[in-house]
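So this one's structure.pdb, PDB, C-alpha atoms:
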```pdb
ATOM      1  CA  MET A   1      -5.827  -5.676  46.075
ATOM      2  CA  SER A   2      -8.712  -3.993  44.287
ATOM      3  CA  THR A   3      -6.264  -1.812  42.338
ATOM      4  CA  SER A   4      -4.510  -4.819  40.771
ATOM      5  CA  THR A   5      -7.845  -6.485  40.067
ATOM      6  CA  ARG A   6      -9.119  -3.340  38.372
ATOM      7  CA  SER A   7      -5.942  -2.921  36.271
ATOM      8  CA  THR A   8      -6.052  -6.487  34.956
ATOM      9  CA  ALA A   9      -9.831  -6.664  34.505
ATOM     10  CA  PHE A  10      -9.692  -4.401  31.444
ATOM     11  CA  ALA A  11      -6.490  -5.817  29.955
ATOM     12  CA  PRO A  12      -7.305  -8.186  27.079
ATOM     13  CA  SER A  13      -6.209 -11.727  27.741
ATOM     14  CA  ALA A  14      -3.717 -13.359  25.418
ATOM     15  CA  VAL A  15      -6.483 -15.566  24.066
ATOM     16  CA  ARG A  16      -8.782 -12.621  23.318
ATOM     17  CA  LEU A  17      -5.929 -10.678  21.743
ATOM     18  CA  THR A  18      -4.984 -13.627  19.526
ATOM     19  CA  ARG A  19      -8.581 -14.138  18.450
ATOM     20  CA  LEU A  20      -9.018 -10.443  17.718
ATOM     21  CA  ALA A  21      -5.799 -10.307  15.682
ATOM     22  CA  ALA A  22      -6.877 -13.281  13.563
ATOM     23  CA  LEU A  23     -10.320 -11.747  13.024
ATOM     24  CA  VAL A  24      -8.885  -8.385  11.978
ATOM     25  CA  VAL A  25      -6.195  -9.812   9.684
ATOM     26  CA  GLY A  26      -8.625 -12.306   8.200
ATOM     27  CA  ALA A  27     -11.212  -9.591   7.581
ATOM     28  CA  VAL A  28      -8.624  -7.333   5.919
ATOM     29  CA  PHE A  29      -7.479 -10.128   3.591
ATOM     30  CA  LEU A  30     -11.095 -10.964   2.763
ATOM     31  CA  VAL A  31     -11.947  -7.331   1.973
ATOM     32  CA  VAL A  32      -8.798  -6.897  -0.145
ATOM     33  CA  GLY A  33      -9.630 -10.054  -2.091
ATOM     34  CA  ILE A  34     -13.173  -8.844  -2.757
ATOM     35  CA  LEU A  35     -12.004  -5.341  -3.700
ATOM     36  CA  GLY A  36      -9.769  -6.916  -6.347
ATOM     37  CA  PHE A  37     -12.941  -7.951  -8.183
ATOM     38  CA  ILE A  38     -14.516  -4.471  -8.183
ATOM     39  CA  PRO A  39     -14.003  -2.328 -11.295
ATOM     40  CA  GLY A  40     -12.885   1.181 -10.427
ATOM     41  CA  ILE A  41     -11.122   0.069  -7.251
ATOM     42  CA  THR A  42      -9.199  -2.239  -9.544
ATOM     43  CA  THR A  43      -7.914  -0.299 -12.549
ATOM     44  CA  HIS A  44      -7.681  -1.919 -15.980
ATOM     45  CA  TYR A  45     -10.253  -4.405 -14.728
ATOM     46  CA  SER A  46     -10.993  -5.632 -18.256
ATOM     47  CA  ASP A  47      -7.333  -6.671 -18.574
ATOM     48  CA  MET A  48      -7.593  -9.081 -15.633
ATOM     49  CA  THR A  49      -6.734 -12.685 -16.454
ATOM     50  CA  PHE A  50      -7.072 -15.795 -14.315
ATOM     51  CA  ALA A  51      -3.321 -15.877 -13.647
ATOM     52  CA  GLY A  52      -0.028 -14.839 -15.161
ATOM     53  CA  HIS A  53       1.943 -11.738 -15.941
ATOM     54  CA  MET A  54      -0.450 -10.786 -18.750
ATOM     55  CA  SER A  55      -2.998  -9.576 -16.193
ATOM     56  CA  HIS A  56      -2.567  -5.814 -16.074
ATOM     57  CA  ALA A  57      -5.347  -5.130 -13.590
ATOM     58  CA  LYS A  58      -4.133  -3.230 -10.530
ATOM     59  CA  LEU A  59      -5.775  -2.985  -7.143
ATOM     60  CA  LEU A  60      -5.894   0.710  -6.213
ATOM     61  CA  GLY A  61      -3.884   1.314  -9.382
ATOM     62  CA  ILE A  62      -0.766  -0.023  -7.606
ATOM     63  CA  PHE A  63      -0.762  -3.769  -6.948
ATOM     64  CA  GLU A  64      -1.038  -6.170  -9.883
ATOM     65  CA  VAL A  65      -3.852  -8.658  -9.406
ATOM     66  CA  SER A  66      -5.451 -11.539 -11.218
ATOM     67  CA  VAL A  67      -8.397 -13.752 -10.437
ATOM     68  CA  LEU A  68      -6.002 -16.221  -8.785
ATOM     69  CA  HIS A  69      -4.331 -13.467  -6.758
ATOM     70  CA  ASN A  70      -7.715 -12.213  -5.524
ATOM     71  CA  LEU A  71      -8.892 -15.731  -4.692
ATOM     72  CA  VAL A  72      -5.733 -16.313  -2.637
ATOM     73  CA  HIS A  73      -6.505 -13.162  -0.633
ATOM     74  CA  VAL A  74     -10.090 -14.319  -0.124
ATOM     75  CA  ALA A  75      -8.827 -17.737   1.015
ATOM     76  CA  TYR A  76      -6.334 -16.154   3.448
ATOM     77  CA  GLY A  77      -9.215 -14.093   4.812
ATOM     78  CA  VAL A  78     -11.548 -17.044   5.244
ATOM     79  CA  VAL A  79      -8.822 -19.070   6.956
ATOM     80  CA  GLY A  80      -8.031 -16.151   9.284
ATOM     81  CA  LEU A  81     -11.677 -15.873  10.283
ATOM     82  CA  ALA A  82     -11.966 -19.646  10.707
ATOM     83  CA  VAL A  83      -8.923 -19.995  12.976
ATOM     84  CA  ALA A  84      -9.837 -17.024  15.144
ATOM     85  CA  ALA A  85     -11.776 -19.318  17.484
ATOM     86  CA  ARG A  86      -8.659 -21.400  18.187
ATOM     87  CA  PRO A  87      -5.685 -19.376  19.466
ATOM     88  CA  LYS A  88      -3.018 -22.002  18.700
ATOM     89  CA  ALA A  89      -4.345 -22.346  15.148
ATOM     90  CA  ALA A  90      -4.361 -18.558  14.836
ATOM     91  CA  VAL A  91      -0.699 -18.407  15.830
ATOM     92  CA  THR A  92       0.063 -21.092  13.226
ATOM     93  CA  TYR A  93      -1.893 -19.025  10.665
ATOM     94  CA  PHE A  94       0.312 -15.999  11.353
ATOM     95  CA  LEU A  95       3.586 -17.941  11.358
ATOM     96  CA  ALA A  96       2.861 -20.094   8.300
ATOM     97  CA  GLY A  97       1.194 -17.244   6.401
ATOM     98  CA  GLY A  98       4.128 -14.968   7.146
ATOM     99  CA  VAL A  99       6.620 -17.542   5.910
ATOM    100  CA  VAL A 100       4.577 -17.963   2.715
ATOM    101  CA  TYR A 101       4.593 -14.202   2.147
ATOM    102  CA  LEU A 102       8.355 -14.036   2.742
ATOM    103  CA  ALA A 103       8.840 -16.862   0.242
ATOM    104  CA  LEU A 104       6.608 -15.015  -2.223
ATOM    105  CA  TRP A 105       8.703 -11.875  -1.691
ATOM    106  CA  ILE A 106      11.890 -13.782  -2.525
ATOM    107  CA  TYR A 107      10.158 -15.399  -5.503
ATOM    108  CA  GLY A 108       9.032 -11.995  -6.744
ATOM    109  CA  LEU A 109      12.589 -10.667  -6.541
ATOM    110  CA  ALA A 110      14.027 -13.701  -8.326
ATOM    111  CA  ILE A 111      11.733 -13.794 -11.357
ATOM    112  CA  GLY A 112      11.296 -11.265 -14.120
ATOM    113  CA  HIS A 113       8.015  -9.413 -14.001
ATOM    114  CA  ASP A 114       7.403 -10.223 -17.676
ATOM    115  CA  SER A 115       8.429 -13.856 -17.247
ATOM    116  CA  SER A 116       5.988 -16.720 -17.616
ATOM    117  CA  ALA A 117       7.143 -17.729 -14.122
ATOM    118  CA  ASN A 118       5.294 -14.646 -12.842
ATOM    119  CA  PHE A 119       2.051 -16.592 -12.501
ATOM    120  CA  VAL A 120       0.542 -14.617  -9.600
ATOM    121  CA  PRO A 121       1.226 -11.727 -11.071
ATOM    122  CA  LEU A 122       3.722  -9.652  -9.095
ATOM    123  CA  ASN A 123       5.218  -6.199  -9.491
ATOM    124  CA  THR A 124       7.610  -4.126  -7.368
ATOM    125  CA  ALA A 125       4.789  -2.802  -5.176
ATOM    126  CA  ASP A 126       3.603  -6.380  -4.548
ATOM    127  CA  ASN A 127       7.138  -7.416  -3.600
ATOM    128  CA  TRP A 128       7.436  -4.662  -0.980
ATOM    129  CA  LEU A 129       3.965  -5.440   0.367
ATOM    130  CA  HIS A 130       4.816  -9.150   0.628
ATOM    131  CA  LEU A 131       7.967  -8.327   2.595
ATOM    132  CA  VAL A 132       6.017  -6.129   5.018
ATOM    133  CA  LEU A 133       3.197  -8.689   5.358
ATOM    134  CA  GLY A 134       5.647 -11.548   5.895
ATOM    135  CA  VAL A 135       7.618  -9.756   8.599
ATOM    136  CA  ALA A 136       4.444  -8.458  10.268
ATOM    137  CA  MET A 137       2.690 -11.825  10.275
ATOM    138  CA  VAL A 138       5.712 -13.758  11.579
ATOM    139  CA  GLY A 139       6.332 -11.050  14.196
ATOM    140  CA  LEU A 140       2.692 -11.059  15.267
ATOM    141  CA  GLY A 141       2.680 -14.850  15.438
ATOM    142  CA  LEU A 142       5.795 -14.896  17.631
ATOM    143  CA  VAL A 143       4.489 -12.184  19.969
ATOM    144  CA  LEU A 144       1.097 -13.857  20.333
ATOM    145  CA  GLN A 145       2.711 -17.253  20.832
ATOM    146  CA  ARG A 146       4.830 -15.808  23.661
ATOM    147  CA  LYS A 147       1.789 -14.136  25.236
ATOM    148  CA  LEU A 148      -0.222 -17.366  25.074
ATOM    149  CA  ARG A 149       2.613 -19.338  26.674
ATOM    150  CA  GLY A 150       2.971 -16.653  29.353
ATOM    151  CA  SER A 151      -0.740 -16.736  30.155
ATOM    152  CA  LEU A 152      -0.680 -20.541  30.395
ATOM    153  CA  THR A 153       2.298 -20.367  32.730
ATOM    154  CA  ALA A 154       0.582 -17.747  34.872
ATOM    155  CA  ASP A 155      -2.644 -19.768  34.993
ATOM    156  CA  ARG A 156      -0.750 -22.892  36.096
ATOM    157  CA  ALA A 157       1.032 -20.957  38.839
ATOM    158  CA  MET A 158      -2.314 -19.927  40.375
TER     159      MET A 158
END
```
Before anything else, please render the file you have as structure tokens.
Amino acid sequence: MSTSTRSTAFAPSAVRLTRLAALVVGAVFLVVGILGFIPGITTHYSDMTFAGHMSHAKLLGIFEVSVLHNLVHVAYGVVGLAVAARPKAAVTYFLAGGVVYLALWIYGLAIGHDSSANFVPLNTADNWLHLVLGVAMVGLGLVLQRKLRGSLTADRAM
């Protein structure tokens, strides 16, 4: 009996895991958004515009950014930190955020990078990152949702 108690005592609960995931993802988005405003980390900083394909600033010299793009990352970060206290809201954050990133990936593939429709702005590196973020966030949301449901079922059975 003490062996099973010891093995589960150190295992993070589904609620703690969900909260931690939202805190980590939110913090990463927040840091990335802030870094987008720092010259040197963002190359061609003086070329940054509020929005649009004319912004040639690049985070880490790779990902095109604008003021709007950076503010969206900051907002995603703040929301992630805010929902971390509520596991169901955190799961929704991952699922909805992932769907938004997948839609942004498709949008980035569909528009021309020099088009006025490229209001974010996006480049090929951004498109690949949005695909990875979308899949990861939806996957994380589904896994955490399953774990939360499993822990609720186990708690009810006791």
**OP:** May I have the residues within 6 Å of segment 127-134 of chain A as a ChimeraX atom specification, using only C-alpha atoms and disregarding those fewer than 2 positions away in the same chain?
**Re:** /A:98,101-102,105,108,124-125,136-137
Original post:
Could you work out how far atom CA of Phe63 of chain A lies from atom CA of Leu122 of chain A, giving the answer in Å with one decimal?
Top reply: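 Answer for the atom CA of Leu122 of chain A to atom CA of Phe63 of chain A separation: 7.7 Å.
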Subject >> Of the listed residues A:Val99, A:Leu148, A:Val135, A:Leu68, that which approaches Ser55 of chain A most closely, counting only C-alpha atoms >> reply: A:Leu68
Subject >> Of the listed residues A:Leu109, A:Arg146, A:Leu23, A:Ala14, that which approaches Val83 of chain A most closely, counting all atoms listed in the file >> reply: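 Nearest candidate to Val83 of chain A out of A:Leu109, A:Arg146, A:Leu23, A:Ala14: A:Leu23.
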**OP:** On this file, the PyMOL selection byres ((chain A and resi 49) around 12) gives some set of residues; write that set as a list in words.
**Re:**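 In the shown coordinates, the PyMOL selection byres ((chain A and resi 49) around 12) covers Phe37, His44, Tyr45, Ser46, Asp47, Met48, Phe50, Ala51, Gly52, His53, Met54, Ser55, His56, Ala57, Lys58, Glu64, Val65, Ser66, Val67, Leu68, His69, Asn70, Phe119, Val120 and Pro121 of chain A.
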Original post:
If the PyMOL selection byres ((chain A and resi 26) around 8) is run on the structure shown, which residues does it catch, given as an MDAnalysis selection string?
Top reply: chainID A and resid 22:25 27:30 76:81
**OP:** Would you mind reading off the distance between atom CA of Gln145 of chain A and atom CA of Leu17 of chain A, one decimal, in Å?
**Re:**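 Taking atom CA of Gln145 of chain A as the start and atom CA of Leu17 of chain A as the end point, the length is 10.9 Å.
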Subject >> Pick from A:Leu95, A:Ser151, A:Ala110, A:Arg19, whichever lies nearest to Ala82 of chain A using all atoms listed in the file >> reply: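 Going through A:Leu95, A:Ser151, A:Ala110, A:Arg19 one by one, the smallest distance to Ala82 of chain A is for A:Arg19.
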Subject >> Nearest-residue call for Ile106 of chain A, choices A:Leu142, A:Ala21, A:Asp126, A:Val32, using all atoms listed in the file >> reply: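 Closest candidate: A:Asp126.
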Original post:
Rounded to one decimal in Å, what is the spacing between atom CA of Ala90 of chain A and atom CA of Gly150 of chain A?
Top reply: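 Interatomic distance, atom CA of Ala90 of chain A to atom CA of Gly150 of chain A: 16.4 Å.
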Subject >> Nearest candidate to Leu140 of chain A (options A:Val72, A:Arg86, A:Thr18, A:Ser13; using all atoms listed in the file) >> reply: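 Of A:Val72, A:Arg86, A:Thr18, A:Ser13, the one nearest Leu140 of chain A is A:Thr18, counting all atoms listed in the file.
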**OP:** Choose the residue, out of A:Ser116, A:Leu60, A:Ala96, A:Lys88, that has the smallest atom-to-atom separation from Leu144 of chain A; count all atoms listed in the file.
**Re:**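 Closest candidate: A:Lys88.
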Restore N, CA and C atoms in segment 32-63 of chain A and list the result as a PDB file, in the coordinates of the input.
```
ATOM      1  N   VAL A  32      -9.739  -7.161   0.954  1.00  0.00           N
ATOM      2  CA  VAL A  32      -8.798  -6.897  -0.145  1.00  0.00           C
ATOM      3  C   VAL A  32      -9.079  -7.837  -1.320  1.00  0.00           C
ATOM      4  N   GLY A  33      -9.318  -9.098  -1.027  1.00  0.00           N
ATOM      5  CA  GLY A  33      -9.630 -10.054  -2.091  1.00  0.00           C
ATOM      6  C   GLY A  33     -10.888  -9.685  -2.842  1.00  0.00           C
ATOM      7  N   ILE A  34     -11.913  -9.250  -2.123  1.00  0.00           N
ATOM      8  CA  ILE A  34     -13.173  -8.844  -2.757  1.00  0.00           C
ATOM      9  C   ILE A  34     -12.974  -7.560  -3.557  1.00  0.00           C
ATOM     10  N   LEU A  35     -12.245  -6.601  -2.993  1.00  0.00           N
ATOM     11  CA  LEU A  35     -12.004  -5.341  -3.700  1.00  0.00           C
ATOM     12  C   LEU A  35     -11.292  -5.570  -5.030  1.00  0.00           C
ATOM     13  N   GLY A  36     -10.463  -6.602  -5.106  1.00  0.00           N
ATOM     14  CA  GLY A  36      -9.769  -6.916  -6.347  1.00  0.00           C
ATOM     15  C   GLY A  36     -10.703  -7.283  -7.482  1.00  0.00           C
ATOM     16  N   PHE A  37     -11.949  -7.603  -7.168  1.00  0.00           N
ATOM     17  CA  PHE A  37     -12.941  -7.951  -8.183  1.00  0.00           C
ATOM     18  C   PHE A  37     -13.876  -6.779  -8.525  1.00  0.00           C
ATOM     19  N   ILE A  38     -13.620  -5.612  -7.969  1.00  0.00           N
ATOM     20  CA  ILE A  38     -14.516  -4.471  -8.183  1.00  0.00           C
ATOM     21  C   ILE A  38     -13.883  -3.472  -9.160  1.00  0.00           C
ATOM     22  N   PRO A  39     -14.507  -3.313 -10.331  1.00  0.00           N
ATOM     23  CA  PRO A  39     -14.003  -2.328 -11.295  1.00  0.00           C
ATOM     24  C   PRO A  39     -14.013  -0.929 -10.676  1.00  0.00           C
ATOM     25  N   GLY A  40     -13.015  -0.156 -10.984  1.00  0.00           N
ATOM     26  CA  GLY A  40     -12.885   1.181 -10.427  1.00  0.00           C
ATOM     27  C   GLY A  40     -11.901   1.168  -9.265  1.00  0.00           C
ATOM     28  N   ILE A  41     -12.106   0.254  -8.324  1.00  0.00           N
ATOM     29  CA  ILE A  41     -11.122   0.069  -7.251  1.00  0.00           C
ATOM     30  C   ILE A  41      -9.931  -0.667  -7.836  1.00  0.00           C
ATOM     31  N   THR A  42     -10.240  -1.553  -8.778  1.00  0.00           N
ATOM     32  CA  THR A  42      -9.199  -2.239  -9.544  1.00  0.00           C
ATOM     33  C   THR A  42      -9.169  -1.606 -10.932  1.00  0.00           C
ATOM     34  N   THR A  43      -8.044  -0.948 -11.241  1.00  0.00           N
ATOM     35  CA  THR A  43      -7.914  -0.299 -12.549  1.00  0.00           C
ATOM     36  C   THR A  43      -7.587  -1.340 -13.612  1.00  0.00           C
ATOM     37  N   HIS A  44      -7.898  -1.013 -14.843  1.00  0.00           N
ATOM     38  CA  HIS A  44      -7.681  -1.919 -15.980  1.00  0.00           C
ATOM     39  C   HIS A  44      -8.348  -3.273 -15.724  1.00  0.00           C
ATOM     40  N   TYR A  45      -9.526  -3.202 -15.116  1.00  0.00           N
ATOM     41  CA  TYR A  45     -10.253  -4.405 -14.728  1.00  0.00           C
ATOM     42  C   TYR A  45     -10.481  -5.350 -15.916  1.00  0.00           C
ATOM     43  N   SER A  46     -10.727  -4.790 -17.088  1.00  0.00           N
ATOM     44  CA  SER A  46     -10.993  -5.632 -18.256  1.00  0.00           C
ATOM     45  C   SER A  46      -9.753  -6.391 -18.718  1.00  0.00           C
ATOM     46  N   ASP A  47      -8.582  -5.985 -18.228  1.00  0.00           N
ATOM     47  CA  ASP A  47      -7.333  -6.671 -18.574  1.00  0.00           C
ATOM     48  C   ASP A  47      -6.991  -7.803 -17.596  1.00  0.00           C
ATOM     49  N   MET A  48      -7.876  -8.042 -16.626  1.00  0.00           N
ATOM     50  CA  MET A  48      -7.593  -9.081 -15.633  1.00  0.00           C
ATOM     51  C   MET A  48      -7.701 -10.460 -16.277  1.00  0.00           C
ATOM     52  N   THR A  49      -6.714 -11.294 -16.006  1.00  0.00           N
ATOM     53  CA  THR A  49      -6.734 -12.685 -16.454  1.00  0.00           C
ATOM     54  C   THR A  49      -6.831 -13.580 -15.226  1.00  0.00           C
ATOM     55  N   PHE A  50      -7.009 -14.884 -15.462  1.00  0.00           N
ATOM     56  CA  PHE A  50      -7.072 -15.795 -14.315  1.00  0.00           C
ATOM     57  C   PHE A  50      -5.755 -15.798 -13.556  1.00  0.00           C
ATOM     58  N   ALA A  51      -4.644 -15.861 -14.268  1.00  0.00           N
ATOM     59  CA  ALA A  51      -3.321 -15.877 -13.647  1.00  0.00           C
ATOM     60  C   ALA A  51      -2.309 -15.401 -14.686  1.00  0.00           C
ATOM     61  N   GLY A  52      -1.111 -15.165 -14.244  1.00  0.00           N
ATOM     62  CA  GLY A  52      -0.028 -14.839 -15.161  1.00  0.00           C
ATOM     63  C   GLY A  52       0.285 -13.370 -15.276  1.00  0.00           C
ATOM     64  N   HIS A  53       1.439 -13.103 -15.835  1.00  0.00           N
ATOM     65  CA  HIS A  53       1.943 -11.738 -15.941  1.00  0.00           C
ATOM     66  C   HIS A  53       1.185 -10.900 -16.971  1.00  0.00           C
ATOM     67  N   MET A  54       0.320 -11.520 -17.746  1.00  0.00           N
ATOM     68  CA  MET A  54      -0.450 -10.786 -18.750  1.00  0.00           C
ATOM     69  C   MET A  54      -1.642 -10.043 -18.133  1.00  0.00           C
ATOM     70  N   SER A  55      -1.934 -10.299 -16.875  1.00  0.00           N
ATOM     71  CA  SER A  55      -2.998  -9.576 -16.193  1.00  0.00           C
ATOM     72  C   SER A  55      -2.458  -8.201 -15.806  1.00  0.00           C
ATOM     73  N   HIS A  56      -3.049  -7.170 -16.360  1.00  0.00           N
ATOM     74  CA  HIS A  56      -2.567  -5.814 -16.074  1.00  0.00           C
ATOM     75  C   HIS A  56      -3.517  -5.047 -15.161  1.00  0.00           C
ATOM     76  N   ALA A  57      -4.456  -5.751 -14.561  1.00  0.00           N
ATOM     77  CA  ALA A  57      -5.347  -5.130 -13.590  1.00  0.00           C
ATOM     78  C   ALA A  57      -4.542  -4.799 -12.338  1.00  0.00           C
ATOM     79  N   LYS A  58      -4.865  -3.650 -11.724  1.00  0.00           N
ATOM     80  CA  LYS A  58      -4.133  -3.230 -10.530  1.00  0.00           C
ATOM     81  C   LYS A  58      -5.099  -2.763  -9.451  1.00  0.00           C
ATOM     82  N   LEU A  59      -4.989  -3.391  -8.298  1.00  0.00           N
ATOM     83  CA  LEU A  59      -5.775  -2.985  -7.143  1.00  0.00           C
ATOM     84  C   LEU A  59      -5.286  -1.617  -6.690  1.00  0.00           C
ATOM     85  N   LEU A  60      -6.208  -0.676  -6.579  1.00  0.00           N
ATOM     86  CA  LEU A  60      -5.894   0.710  -6.213  1.00  0.00           C
ATOM     87  C   LEU A  60      -4.920   1.362  -7.187  1.00  0.00           C
ATOM     88  N   GLY A  61      -4.801   0.785  -8.382  1.00  0.00           N
ATOM     89  CA  GLY A  61      -3.884   1.314  -9.382  1.00  0.00           C
ATOM     90  C   GLY A  61      -2.422   1.058  -9.068  1.00  0.00           C
ATOM     91  N   ILE A  62      -2.140   0.203  -8.069  1.00  0.00           N
ATOM     92  CA  ILE A  62      -0.766  -0.023  -7.606  1.00  0.00           C
ATOM     93  C   ILE A  62      -0.342  -1.484  -7.698  1.00  0.00           C
ATOM     94  N   PHE A  63      -1.138  -2.375  -7.104  1.00  0.00           N
ATOM     95  CA  PHE A  63      -0.762  -3.769  -6.948  1.00  0.00           C
ATOM     96  C   PHE A  63      -1.366  -4.617  -8.057  1.00  0.00           C
TER      97      PHE A  63
END
```
